[in-house]
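Engineer: Have a look at this one.
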Amino acid sequence: MLPAKAPSSRLIHTLIMGIPNVGKSTLINILAGRMIAKTGNEPAITKRQQRIDIGGGIILLDTPGLLWPNVENKNSGYRLATTGAIKDTAINHDHIAFFAAEYLLHHYPDYLKTRFQLEQLPETEQKLMDTIGKNRGCLRSGGRIDMDKVSKILLTELRAGTIAESVLKPLP
């Protein structure tokens, strides 16, 4: 990563920063070649700044994720919540999942058809959520769909990349 340089006793200090849940700590672990920084599929795993010596005279500073104190644009907030950058305890799963379903219907219909084994794509996000709920057994008494459960399924699979994996073919 660094151009050849004469040996020196000076350390190179670097900073890894970004929004929550984008893989800052995972990047550090890859660069270090070992598990140094704790990782997880949710925001706020890194609680404080960590100074990490990855060898070769390089010191990394891992920081907690940074977000604006108030996201004024509603769509930006929904996008951040969809990716998991905003803690799930601060959001309504149903609203975020419906936002994600609408986006996926318009931009990635083939991903949805393949992942959820749909012969025909539902026309609306409500119908999509109902179909996923029925297929995945997210039912309440009386045959009603458990929207909280199906919302969590959609968001979990989207964040984990399993929706895209169902379509993407491995490289040779």
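Identifiers for the structure tokens are assigned positionally: chains receive A, B, ... in sequence, residues are indexed from 1 per chain, and ligands are indexed from 1 in the order shown.
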Just want the 6 Å neighbourhood of A:Gly65, counted on only C-alpha atoms, with same-chain residues fewer than 2 positions away dropped. Output as a list in words.
Structural biologist: Gly18, Ile19 and Pro20 of chain A
Engineer: Output N, CA and C atoms for every residue in the selection just made, as a CSV table (one decimal), in the first residue's frame.
Structural biologist:
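And here's result-v9.csv as it stands now:
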chain,number,residue,atom,x,y,z
A,18,GLY,N,-15.9,6.4,9.2
A,18,GLY,CA,-17.0,6.3,8.3
A,18,GLY,C,-18.3,6.2,9.0
A,19,ILE,N,-19.4,6.0,8.3
A,19,ILE,CA,-20.7,5.8,9.0
A,19,ILE,C,-20.7,4.4,9.7
A,20,PRO,N,-21.6,4.2,10.6
A,20,PRO,CA,-21.7,2.9,11.3
A,20,PRO,C,-22.0,1.8,10.3
Engineer: Quick one: everything within 12 Å of stretch 124-129 of chain A, counting only C-alpha atoms, minus sequence neighbours fewer than 4 positions away in the same chain. Send it as a PyMOL selection string.
Structural biologist: chain A and resi 94-106+109+112-113+116-118+120+133-139+144-155
Engineer: Could you state the separation of atom CA of A:Ile59 and atom CA of A:Ile86 in Å, given to one decimal place?
Structural biologist: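 Computed distance, atom CA of A:Ile59 to atom CA of A:Ile86, equals 28.3 Å.
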Engineer: Could you jot down the atom CA of A:Thr131 to atom CA of A:Glu119 separation for me, Å, one decimal place?
Structural biologist: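 Answer for the atom CA of A:Thr131 to atom CA of A:Glu119 separation: 11.3 Å.
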Engineer: Using only C-alpha atoms, find the one residue out of A:Gly77, A:Ala85, A:Leu121, A:Arg10 that sits nearest to A:Gly23.
Structural biologist: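 Smallest distance to A:Gly23 is found for A:Ala85.
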Engineer: Please compute the atom CA of A:Arg34-atom CA of A:His13 distance, one decimal, in Å.
Structural biologist: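 Spanning atom CA of A:Arg34 to atom CA of A:His13 is a straight-line distance of 19.0 Å.
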Engineer: Please run DSSP on the backbone and report, as number ranges by chain, all residues within stretch 74-104 of chain A that come out as alpha helix (DSSP H).
Structural biologist: A: 74-83, 93-104
Engineer: Pick from A:Gly84, A:Pro122, A:Gly143, A:Gly57: nearest to A:Arg159, with only C-alpha atoms counted?
Structural biologist: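 For A:Arg159, the nearest of the given residues is A:Gly84.
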